[in-house]
Amino acid sequence: MGAPPISTADRRPVRPAADRALARPARRPLAALIALVALLAVGAAMLATLATPTPRAADAPADEFSAGRAYRTVQTIADRPHVAGSAANDQVREHLVGALRGLGLETEVQDTVAPEAGQLSGAAGGATLARVRNVVARLPGSESTGRVFLVAHYDSVQSGPGGNDDGAGTSTILEVARALAAGPRPRNDIVFVLTDAEEACLCGASAFASSHPLAADGGVVLNLEARGATGPVIMFETSRNNAKLVDVFGRAAAHPVGTSFAVEIYRALPNDTDFTAFADHDFVGLNSAYIDGGAVYHTPLDTPAAMDRGSLQMHGDNALGLAREFGRTDLKDLSSGHDATYFPVPGGLVRYPGWLTWPLAAAALLAVLALGWLIRRRGRAGAGGLAAGFGLTLVPVVLAPVAAQLLWAGITALRPGYAELLDPYRPTWFRLAVVALAGAILLAWYALTRRWAGPAALAFGGLAWLAVLGVVLAALVPGGAYLATLPALAGALAGLVALGARIDGPWPVVAVTLAGAVAVVILLPTVVLLFPALGMAMGGVAALFAVLLGLAALPVLDLLHPAAGGQRGMVALRARRLGALPALAAALAAVVLAGVGLRVDRFDAAHPVPTHLMYALDTDKGTAEWWSREEDPQPWTRSYVVEKGSPNWFFPALGDDAIGYGPATAANLPAPKLEVLADTTSGGERTLRVRLIPQRTVRLASLHVEADSATVTRAVAAGQPLPIAPQVPGSRWGFGLVFHAPPPEGVEITLTLVPKGPKVVLRAMDASDGLEGLPGFRPRPPDVGVVGSHTSEMLAVARTYPL
């Protein structure tokens, strides 16, 4: 047989890269400069949108929020740690009650026992409760259609004074209450709820939402939080069917920063705030926080001095605006039946109905397919070239996140202390290094593939992956689909315009620049906000979105490359060198920025290396151990812990994860007392009524039942029925409970159980805070700090009671 005939298409010579571009302006350097300046200007505008406002002084007008006035409250309540149940927390509560009553508001303290919300405790097989004392004040409405609840927690963790978490929310509410009380009465009731024991178990919010008379009919909740020390206040969580709530947020918040993508991600994460308790009881509302500067979170460094007062001002401006708007809105008309898609833009918040997610995703996919068809028809690429462009684009999408994670692994190898922090103390240099690294990978990939695949085919590949990702997000994370769908749609439409105009005219450049601007508006804030949200340990996620932004702007990036294509010899070599310059510059920037970060962000007395240490005393044996949850213990910690394992079964309330441990000298400390009040047997069941009484000032107490000795069928603590969780296979302990802020007289507990032997074995434990004075403890050097953990500096004492 003879060879098959060669088609006309196969005889066509390979066209130069420049002839296969979407835009080929006559004055390429000028066009590139104008396009890049335009995108940089849009980027600067977006960064300005995320900036915090200038804090107002204490002498600001009475009807405005003043960070200066609110900061005075922060200084008062965050003078020292004030964990729930402590004398310091009592003093904070007294100050808050006095301040609210001084405004003429109806104020009370809700003193009760409540279970946890959100299932945070991890108590072995059991439940968590706390004695809580919520501060509740009401500003009556003139013609109320419902209630607006401004919520923050006033307790702190044991390891820090809570200047930001949640001194920011508490002080904001007091200043908002002052501004509202000084003005005309709102239409709706405004209720100010300062909750207790949020850090322990969300028990204060649970108590209010489930049992307080003012909460009986539900309402709108505005929860105010902080998980850091600076940054914009982000509205990161909403109740379901949020379209009307988001509409109010968009028009009433002075600085509306929030994305539907954040809401979707937060709903999927095992994180909880007081908002969880309200959402569990069918309240609607919004949850807001600033989250940058996470290195101080839950540590002794979370002081008033660490607070960015611009972030406090942003909290207050938004909260006051929303309180006033919801205060005059008909609260019976907030149901929308669907979620909104929304994201910030300069000057406001774009929002549209969530039901548009699938139509927009389909439109983007169809527009990209139409672009591919027109690229072929115009001769900018063949079918094989388009397929190659699609396949090649996956390279930077995969490589950049992997490289970012490897970069951080290398940095943490040099600075192991970073592994215990949410973020470095000064993370900006490292964040910029990740973005530069992602840029270097994208630009190097483009320089290597542009001449072979062609600019139009690679642009198609980038937009095609964005469109596909938009469909995937529409199915899995509908509120985040806009991140890929809108840049893909804008880029495809711009490509169609460019192919329909003269290739060397101005309109192709204008079209691709506008599409790039859309990508910058949508994706740049995502990159910026993902860093503090996820921390440098997950910097690869931010790198991924940085690459997606670059792919959406490929036609603009193409203008950085020489127009020449298909030449040979020195001309071709010079073109390749010029095309590689942006990638080399980005790679050099990544190295320099990472080096500067390591140079600038050193551990010192003001920025100490975080360490974790606790002390566990078993009074049955008269033995004690030092424990640490550090993955790679610091030198100071290694002087206490010498092995790693799971000795925690003697202390079931603390979990059973592998920890570092080492021998300690037993201190002369009393274990909690278990007093038997009643012991009866009927029908094969035994009922024990006991009182668990701490013998010292403690933060929490716990009681667990040994699984081999009995099975608990019913349990009541402090009058509260408790859930009975299934037995964990292989665990020594069955039912258990943890009680936070126990009263001095102790907690009465009734257990109905089925015995498995002659004795029921109970394990009682309590825990206080502070290791000073323990035998063998040496105070930390100035450059050694405390990890923001609920068990940092814990002193636990336990005893077994066979009954």
# chains A, B, ... in the order shown; residues from 1 in each chain; ligands from 1

call {"tool": "closest_atom_pairs", "arguments": {"of": "range 327-401 of chain A", "to": "range 518-542 of chain A", "cutoff": "8 Å", "atoms": "only C-alpha atoms", "output": "CSV"}}
result
residue,atom,partner,partner_atom,distance
A:Phe343,CA,A:Ile522,CA,7.4
A:Val345,CA,A:Val521,CA,6.5
A:Ala400,CA,A:Gly540,CA,7.2
A:Pro401,CA,A:Gly540,CA,3.9

call {"tool": "select_by_dssp", "arguments": {"residues": "range 53-207 of chain A", "states": "alpha helix (DSSP H)", "output": "number ranges by chain"}}
result
A: 67-77, 87-102, 167-182, 198-201, 203-207

call {"tool": "closest_residue", "arguments": {"among": "A:Leu598, A:Ala624, A:Val397, A:Leu407", "to": "Asn668 in chain A", "atoms": "only C-alpha atoms"}}
result
A:Ala624

call {"tool": "residues_around", "arguments": {"residues": "Ile441 in chain A", "least_positions_apart": "5", "cutoff": "8 Å", "atoms": "only C-alpha atoms", "output": "ChimeraX atom specification"}}
result
/A:396,399-400,583,587

call {"tool": "closest_residue", "arguments": {"among": "A:Arg240, A:Arg799, A:His298, A:Arg93", "to": "Ser336 in chain A", "atoms": "only C-alpha atoms"}}
result
A:Arg240

call {"tool": "residues_around", "arguments": {"residues": "Glu706 in chain A", "least_positions_apart": "5", "cutoff": "12 Å", "atoms": "only C-alpha atoms", "output": "JSON, numbers by chain"}}
result
{"A": [124, 125, 649, 650, 651, 652, 711, 712, 727, 728, 730, 731, 732, 733, 734, 735, 736, 753, 755, 756, 757, 759, 760, 761, 762, 763, 764, 800, 801, 802, 803]}

call {"tool": "residues_around", "arguments": {"residues": "His607 in chain A", "least_positions_apart": "5", "cutoff": "9 Å", "atoms": "only C-alpha atoms", "output": "PyMOL selection string"}}
result
chain A and resi 295+301+425+601-602+783-785

call {"tool": "residues_around", "arguments": {"residues": "range 698-700 of chain A", "least_positions_apart": "4", "cutoff": "10 Å", "atoms": "only C-alpha atoms", "output": "PDB file with C-alpha atoms, in the first residue's frame"}}
result
ATOM      1  CA  VAL A  83     -10.638  31.932  82.742  1.00  0.00           C
ATOM      2  CA  ALA A  84     -14.232  30.951  83.535  1.00  0.00           C
ATOM      3  CA  GLY A  85     -14.774  30.435  87.251  1.00  0.00           C
ATOM      4  CA  SER A  86     -11.697  32.393  88.338  1.00  0.00           C
ATOM      5  CA  LEU A 129     -20.611  21.020  81.299  1.00  0.00           C
ATOM      6  CA  ALA A 130     -19.755  24.290  82.967  1.00  0.00           C
ATOM      7  CA  GLN A 158      -5.794  30.244  81.049  1.00  0.00           C
ATOM      8  CA  ALA A 200     -13.905  25.886  77.693  1.00  0.00           C
ATOM      9  CA  PRO A 672     -10.397  15.653  94.315  1.00  0.00           C
ATOM     10  CA  PRO A 694     -12.066  19.705  94.395  1.00  0.00           C
ATOM     11  CA  VAL A 738     -15.704  17.116  82.415  1.00  0.00           C
ATOM     12  CA  PHE A 739     -17.054  20.008  84.481  1.00  0.00           C
ATOM     13  CA  HIS A 740     -15.552  23.461  83.947  1.00  0.00           C
ATOM     14  CA  ALA A 741     -15.591  26.163  86.617  1.00  0.00           C
ATOM     15  CA  PRO A 742     -16.828  23.804  89.348  1.00  0.00           C
ATOM     16  CA  PRO A 743     -18.218  25.543  92.446  1.00  0.00           C
ATOM     17  CA  PRO A 744     -16.257  25.168  95.721  1.00  0.00           C
ATOM     18  CA  MET A 765      -9.304  14.315  88.335  1.00  0.00           C
ATOM     19  CA  ASP A 766      -9.079  18.060  88.633  1.00  0.00           C
ATOM     20  CA  ALA A 767      -6.801  20.580  87.001  1.00  0.00           C
ATOM     21  CA  SER A 768      -5.470  23.997  87.865  1.00  0.00           C
ATOM     22  CA  ASP A 769      -3.099  26.324  86.042  1.00  0.00           C
ATOM     23  CA  MET A 794      -1.903  22.652  83.414  1.00  0.00           C
ATOM     24  CA  LEU A 795      -1.438  20.906  86.748  1.00  0.00           C
ATOM     25  CA  ALA A 796      -3.596  17.764  86.897  1.00  0.00           C
TER      26      ALA A 796
END

call {"tool": "residues_around", "arguments": {"residues": "range 219-227 of chain A", "least_positions_apart": "3", "cutoff": "7 Å", "atoms": "only C-alpha atoms", "output": "MDAnalysis selection string"}}
result
chainID A and resid 146:152 164:166 168:169 275 283:291 294 297

call {"tool": "write_last_selection", "arguments": {"atoms": "N, CA, C and O atoms", "output": "compact mmCIF listing (two decimals), in the first residue's frame"}}
result
# COMPACT_ATOMS: atom_id res chain seq x y z
N GLY A 146 -38.84 41.71 66.63
CA GLY A 146 -37.95 40.62 66.98
C GLY A 146 -36.76 41.18 67.73
O GLY A 146 -36.74 42.36 68.10
N ARG A 147 -35.76 40.36 67.95
CA ARG A 147 -34.61 40.78 68.74
C ARG A 147 -33.31 40.61 67.95
O ARG A 147 -33.14 39.65 67.21
N VAL A 148 -32.42 41.57 68.16
CA VAL A 148 -31.07 41.54 67.60
C VAL A 148 -30.12 41.29 68.76
O VAL A 148 -30.13 42.02 69.75
N PHE A 149 -29.30 40.26 68.65
CA PHE A 149 -28.38 39.88 69.72
C PHE A 149 -26.95 40.18 69.29
O PHE A 149 -26.48 39.64 68.29
N LEU A 150 -26.27 41.03 70.04
CA LEU A 150 -24.83 41.25 69.85
C LEU A 150 -24.10 40.40 70.87
O LEU A 150 -24.31 40.56 72.08
N VAL A 151 -23.26 39.50 70.38
CA VAL A 151 -22.69 38.46 71.24
C VAL A 151 -21.16 38.48 71.17
O VAL A 151 -20.57 38.58 70.09
N ALA A 152 -20.54 38.35 72.33
CA ALA A 152 -19.09 38.12 72.44
C ALA A 152 -18.85 37.42 73.77
O ALA A 152 -19.69 37.48 74.67
N ASN A 164 -7.21 40.36 72.57
CA ASN A 164 -7.96 40.31 71.32
C ASN A 164 -9.11 39.31 71.40
O ASN A 164 -10.23 39.61 70.99
N ASP A 165 -8.81 38.12 71.93
CA ASP A 165 -9.80 37.04 72.01
C ASP A 165 -10.28 36.87 73.44
O ASP A 165 -9.66 36.16 74.23
N ASP A 166 -11.39 37.48 73.86
CA ASP A 166 -12.25 38.25 72.99
C ASP A 166 -12.47 39.62 73.60
O ASP A 166 -13.60 40.11 73.67
N ALA A 168 -11.60 42.16 72.18
CA ALA A 168 -12.05 42.97 71.05
C ALA A 168 -13.57 42.95 70.93
O ALA A 168 -14.22 43.99 70.81
N GLY A 169 -14.16 41.74 70.95
CA GLY A 169 -15.61 41.65 70.82
C GLY A 169 -16.34 42.24 72.00
O GLY A 169 -17.35 42.96 71.85
N PHE A 275 -21.25 31.31 68.02
CA PHE A 275 -22.27 31.31 66.97
C PHE A 275 -22.84 29.91 66.76
O PHE A 275 -24.00 29.75 66.41
N PHE A 283 -31.28 30.19 65.46
CA PHE A 283 -31.12 31.63 65.26
C PHE A 283 -30.52 31.86 63.88
O PHE A 283 -29.87 30.98 63.30
N VAL A 284 -30.70 33.05 63.35
CA VAL A 284 -30.03 33.44 62.11
C VAL A 284 -29.01 34.51 62.46
O VAL A 284 -29.08 35.14 63.52
N GLY A 285 -28.04 34.72 61.57
CA GLY A 285 -27.08 35.76 61.87
C GLY A 285 -25.77 35.65 61.15
O GLY A 285 -25.61 34.86 60.21
N LEU A 286 -24.82 36.45 61.63
CA LEU A 286 -23.52 36.62 61.00
C LEU A 286 -22.42 36.50 62.06
O LEU A 286 -22.60 36.96 63.19
N ASN A 287 -21.30 35.93 61.67
CA ASN A 287 -20.17 35.74 62.56
C ASN A 287 -18.96 36.44 61.96
O ASN A 287 -18.62 36.19 60.80
N SER A 288 -18.30 37.30 62.72
CA SER A 288 -17.20 38.11 62.18
C SER A 288 -16.00 38.07 63.11
O SER A 288 -16.14 37.97 64.32
N ALA A 289 -14.82 38.19 62.51
CA ALA A 289 -13.58 38.19 63.30
C ALA A 289 -12.46 38.75 62.46
O ALA A 289 -12.49 38.71 61.23
N TYR A 290 -11.43 39.28 63.11
CA TYR A 290 -10.16 39.51 62.41
C TYR A 290 -9.22 38.38 62.83
O TYR A 290 -9.26 37.89 63.97
N ILE A 291 -8.37 37.94 61.90
CA ILE A 291 -7.66 36.67 62.11
C ILE A 291 -6.17 36.74 61.81
O ILE A 291 -5.48 35.72 61.93
N GLY A 294 -1.82 35.66 63.99
CA GLY A 294 -2.23 34.50 64.78
C GLY A 294 -1.17 33.99 65.73
O GLY A 294 -1.47 33.12 66.56
N TYR A 297 -2.26 34.22 69.35
CA TYR A 297 -3.55 33.62 69.69
C TYR A 297 -3.43 32.67 70.88
O TYR A 297 -2.61 31.75 70.89

call {"tool": "closest_residue", "arguments": {"among": "A:Arg27, A:Lys332, A:His561, A:Arg686", "to": "Arg450 in chain A", "atoms": "only C-alpha atoms"}}
result
A:His561
